[in-house]
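Read through the structure below, which is laid out as structure tokens, and then see the notes.
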Amino acid sequence: MPPERSPKRSAVLVEGNRRAPARAMLHAAGFSRADLEKPLIGIANTWTEIGPCNLHLRELAEHIKRGVREAGGTPLEFNTVSISDGITMGTEGMRASLVSREIIADSIELVGRGNCFDGMVALAGCDKTLPGTIMALCRLDIPSLMIYGGSIAPGQFRGKHVSIQDVFEAVGAHARGAMSDAELAELEDAACPGAGACGGQFTANTMAMVGEFLGISPMGSASVPAACERKNEVCRQAGAQVMELYRSDLRPSGIITRAALENAIASVCASGGSTNAVLHLLAIAAERGVELGMDDFDRISRQVPLLADLKPAGRFMATDLYHAGGTRLLAARLREAGCLQGSARTVSGRTLEEEAASASETPGQEVVRPLSNPLSPTGGLAILRGNLALEGCVLKIAHHHGDGFRGPARVFDSEEAAFSALERNQIRAGDVILIRYEGPRGGPGMREMLAVTAALAGAGLGESVALITDGRFSGATRGLMIGHIAPEAASGGVIAVVRDGDCIAIDIAHRQLRLEVDPAQVAERLQAWKPPAPRYPGGVFAKYARQVSSAAHGAVTG
């Protein structure tokens with residue numbers, strides 16, 4: 001027998017004579033009496049016409065709504081904000097990106113509570129829309145799931161597959177005279193051929209995979225590309241699936257558990273995924289009230305092999321993973337390795353182990369390695385600590401060779417200052433570039449540094465310098481780049497008192513990040529340090545800076 005249910009949540013909104021005024025307004029919006037007698041399912045859309053990642057979500061929402069109606073529910077679509085990281089990168093606008101994650105979660109929660117929805121489907125595309133929607137579903141804890149709009153198709157440039165990563169790196173090559181104006185313009189025109197999120201295992205595709213391994217997205221749904229005709233059917237099935245969740249009363253609290261979070265971490269480590277997943281999974285765990293710390297990522301990464309040969313440092317695009325067998329194939333490999341907690345439930349009603357068991361591998365594929373031939377015996381993330389990062393920091397070690405780095409600090413108090421030095425050819429091999437006051441509070445908003453890191457790669461310095469920051473990195477970043485340093489500079493972390501020429505040592509094997517300056521001198525500098533004036537005296541950035549937590553705790557505002 002199905003579990004006993006209380007009356008549908010939406011009854012308080014639309015049932016009884018006292019609710020006639022509410023029904024009258026809903027009739028004006030096109031809903032009949034029969035519609036309002038059915039479960040009301042919110043469709044949280046993150047559509048925007050600013051950039052390709054979320055451009056097609058209006059069309060996909062129609063297929064979700066069709067699935068809800070066919071399964072006996074009434075869909076009610078609404079929208080929220082989205083900031084394109086790829087467009088705003090390297091500008092003041094990038095400060096809005098991480099802030100938008102909190103606003104997405106807040107706005108979806110508000111609409112969900114305000115309209116007493118019985119269930120919800122969240123439709124996400126660009127980076128922060130994925131964790132933002134999942135955070136909201138955790139708060140509401142009504143039968144719900146998240147659907148990803150899918151990856152963009154690869155661009156074609158002179159016989160090669162390219163992505164937005166190639167354009168960012170081309171900027172550095174152009175600055176060094178290695179690419180002409182005409183070549184850069186040709187690449188710019190070819191890199192992004194249509195709708196969909198950035199095409200490597202960057203943050204959007206990493207978090208889409210996370211959604212599947214958390215169980216909050218149907219397994220196999222995320223890897224279907226944006227331009228693939230099958231995406232419409234994926235969305236129609238999602239509409240039907242949320243009605244099954246409603247009838248069984250399966251909620252995020254029954255899906256996103258400690259085991260599910262560890263499965264999600266394993267997927268990031270095995271796929272060489274974005275360091276942003278650390279920040280977002282800590283935030284999702286906080287919304288669920290599940291204890292999770294940065295050291296859990298390092299522990300799991302040491303146990304999980306790197307299996308997926310995906311960009312930014314690997315060979316293949318997200319669409320190649322789909323054709324190879326998709327995320328289900330990676331789940332099967334991790335299951336075979338004993339790295340999955342297979343009993344974790346998913347929105348399909350099946351366990352993750354059952355989903356992995358139905359994987360189908362394309363013969364001859366090279367995207368997901370066999371366990372006998374991993375890219376690395378350990379995963380793609382490392383958490384470092386030391387006197388420069390007492391609360392920890394994050395390094396992507398997927399495809400990175402070498403045990404560490406040691407060199408003089410080149411200190412910059414903003415991303416723009418570092419980029420300007422690079423443009424003037426003032427960065428040298430052996431430097432440790434330090435960018436500070438770009439953390440959650442200090443930025444505010446913890447900007448990504450892709451403009452700098454890609455330009456370094458394009459300038460031929462990607463393997464000969466290191467970069468450390470209290471800001472973040474794009475999922476498209478590659479090289480020895482350490483982010484999320486906590487405590488951040490604006491909170492009086494040691495990073496605030498590093499000076500040009502100070503020696504910094506990075507020891508990957510021992511997970512250490514050290515400032516090689518006498519402790520007494522460091523203490524003296526900290527005693528004399530004063531926080532800079534806030535960059536924004538009022539408005540949303542000022543409010544965020546007052547409320548946001550350390551990156552070590554997910555940079556959450558709740």
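Letters A, B, ... go to the chains of the structure tokens in the order shown; residues in each chain start at 1; ligands are counted from 1 in the same order.
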Contacts between stretch 202-226 of chain A and stretch 312-389 of chain A, please, where a residue of stretch 312-389 of chain A counts if it comes within 7 Å (with only C-alpha atoms); show its shortest atom pair and distance in Å to one decimal, rows by chain and ascending number, as JSON lines.
```
{"residue": "A:Thr319", "atom": "CA", "partner": "A:Pro225", "partner_atom": "CA", "distance": 6.2}
{"residue": "A:Tyr322", "atom": "CA", "partner": "A:Ser223", "partner_atom": "CA", "distance": 5.3}
{"residue": "A:Gly326", "atom": "CA", "partner": "A:Ser223", "partner_atom": "CA", "distance": 5.8}
{"residue": "A:Thr327", "atom": "CA", "partner": "A:Gly220", "partner_atom": "CA", "distance": 6.1}
{"residue": "A:Arg328", "atom": "CA", "partner": "A:Gly220", "partner_atom": "CA", "distance": 6.1}
{"residue": "A:Arg345", "atom": "CA", "partner": "A:Gly215", "partner_atom": "CA", "distance": 6.3}
{"residue": "A:Thr346", "atom": "CA", "partner": "A:Gly215", "partner_atom": "CA", "distance": 3.9}
{"residue": "A:Val347", "atom": "CA", "partner": "A:Ile216", "partner_atom": "CA", "distance": 5.7}
{"residue": "A:Ser348", "atom": "CA", "partner": "A:Pro218", "partner_atom": "CA", "distance": 6.0}
{"residue": "A:Glu355", "atom": "CA", "partner": "A:Met219", "partner_atom": "CA", "distance": 6.8}
```
For the residues selected in the previous step, produce a file with C-alpha atoms as an mmCIF file, in the first residue's frame.
```cif
data_model
loop_
_atom_site.group_PDB
_atom_site.id
_atom_site.type_symbol
_atom_site.label_atom_id
_atom_site.label_comp_id
_atom_site.auth_asym_id
_atom_site.auth_seq_id
_atom_site.Cartn_x
_atom_site.Cartn_y
_atom_site.Cartn_z
ATOM 1 C CA THR A 319 29.010 15.269 -25.853
ATOM 2 C CA TYR A 322 27.174 10.960 -23.910
ATOM 3 C CA GLY A 326 27.008 8.696 -20.419
ATOM 4 C CA THR A 327 27.138 9.210 -16.696
ATOM 5 C CA ARG A 328 25.625 5.786 -16.119
ATOM 6 C CA ARG A 345 17.949 6.254 -3.544
ATOM 7 C CA THR A 346 17.291 8.276 -6.671
ATOM 8 C CA VAL A 347 14.268 10.109 -8.076
ATOM 9 C CA SER A 348 13.663 7.197 -10.469
ATOM 10 C CA GLU A 355 20.980 2.547 -12.214
#
```
**Report entry** A:Gln527 environment, 12 Å, only C-alpha atoms, sequence neighbours closer than 3 positions dropped, as a PyMOL selection string
**Finding:** chain A and resi 492-494+496-497+520-524+530-531
Query raised in the report: Near stretch 22-37 of chain A, counting only C-alpha atoms, which residues have an atom at most 8 Å away, once you skip same-chain residues fewer than 3 positions from it, shown as a ChimeraX atom specification?
Result: /A:13-15,19,40,73-74
Report task. Tell me, as a VMD selection string, which residues lie within 9 Å of A:Leu98, counting only C-alpha atoms; anything in the same chain fewer than 2 positions away does not count. Result -> chain A and resid 83 94 to 96 100 to 102 128 440 445 to 447 555
If you count only C-alpha atoms, which residues fall within 6 Å of A:Cys503, apart from same-chain ones fewer than 3 positions away, as a compact mmCIF listing (two decimals) with C-alpha atoms, in the first residue's frame?
```txt
# COMPACT_ATOMS: atom_id res chain seq x y z
CA GLY A 407 58.79 30.28 -5.90
CA PRO A 408 58.58 33.99 -5.14
CA GLU A 516 58.09 30.48 4.14
```
Query raised in the report: Which neighbours of A:Ser107 fall inside 9 Å, counting only C-alpha atoms, when residues of the same chain fewer than 3 positions from it are skipped, and could you give them as a PyMOL selection string?
Result: chain A and resi 79-81+102-104+110-112+136
Query raised in the report: Taking the backbone alone, and naming residues the way the document does, which bits of stretch 103-298 of chain A are alpha helix (DSSP H) by DSSP, as number ranges by chain?
Result: A: 103-114, 129-140, 164-175, 181-190, 203-214, 230-248, 258-271, 276-288, 294-298
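Comparing the minimum interatomic distances between A:Ala324 and each of A:Val498, A:Cys339, A:Val367, A:Ile433, counting only C-alpha atoms, we find that A:Val367 sits nearest.
Around A:Ser343, within 10 Å and counting only C-alpha atoms, the residues found are Ala259, Ala260, Arg350, Thr351, Leu352, Glu353 and Glu354 of chain A, once anything fewer than 5 positions away on its own chain is removed.
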Convert the current residue selection to file output with C-alpha atoms, as an mmCIF file, in the first residue's frame.
```
data_model
loop_
_atom_site.group_PDB
_atom_site.id
_atom_site.type_symbol
_atom_site.label_atom_id
_atom_site.label_comp_id
_atom_site.auth_asym_id
_atom_site.auth_seq_id
_atom_site.Cartn_x
_atom_site.Cartn_y
_atom_site.Cartn_z
ATOM 1 C CA ALA A 259 25.846 8.568 1.218
ATOM 2 C CA ALA A 260 24.470 10.487 -1.775
ATOM 3 C CA ARG A 350 15.714 2.863 -8.144
ATOM 4 C CA THR A 351 18.936 2.817 -6.176
ATOM 5 C CA LEU A 352 22.153 4.180 -7.646
ATOM 6 C CA GLU A 353 23.484 0.625 -7.841
ATOM 7 C CA GLU A 354 20.462 -0.425 -9.898
#
```
Report summary line: Between A:Ala71, A:Ala545, A:Val465, A:Ile300, smallest distance to A:Ser491 by only C-alpha atoms belongs to A:Ala545
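With distances restricted to only C-alpha atoms, A:Asp507 is the closest residue to A:Arg406 from A:Asp507, A:Gly475, A:Ser550, A:Leu384.
Of the listed residues A:Leu375, A:Ala389, A:Met89, A:Leu55, the one whose atoms come nearest to A:Gly196 is A:Leu55, with distances taken using only C-alpha atoms.
Using only C-alpha atoms, the nearest neighbour of A:Thr557 within the list A:Glu62, A:Asp106, A:Glu463, A:Glu233 is A:Asp106.
The space between atom CA of A:Gly462 and atom CA of A:Val162 spans 18.5 Å.
Across the structure, atom CA of A:Ser163 and atom CA of A:Ala191 are spaced 5.1 Å apart.
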Query - Expected answer as a VMD selection string: strand (DSSP E or B) residues in stretch 228-379 of chain A - result: chain A and resid 306 308 310 316 345 351 368 376
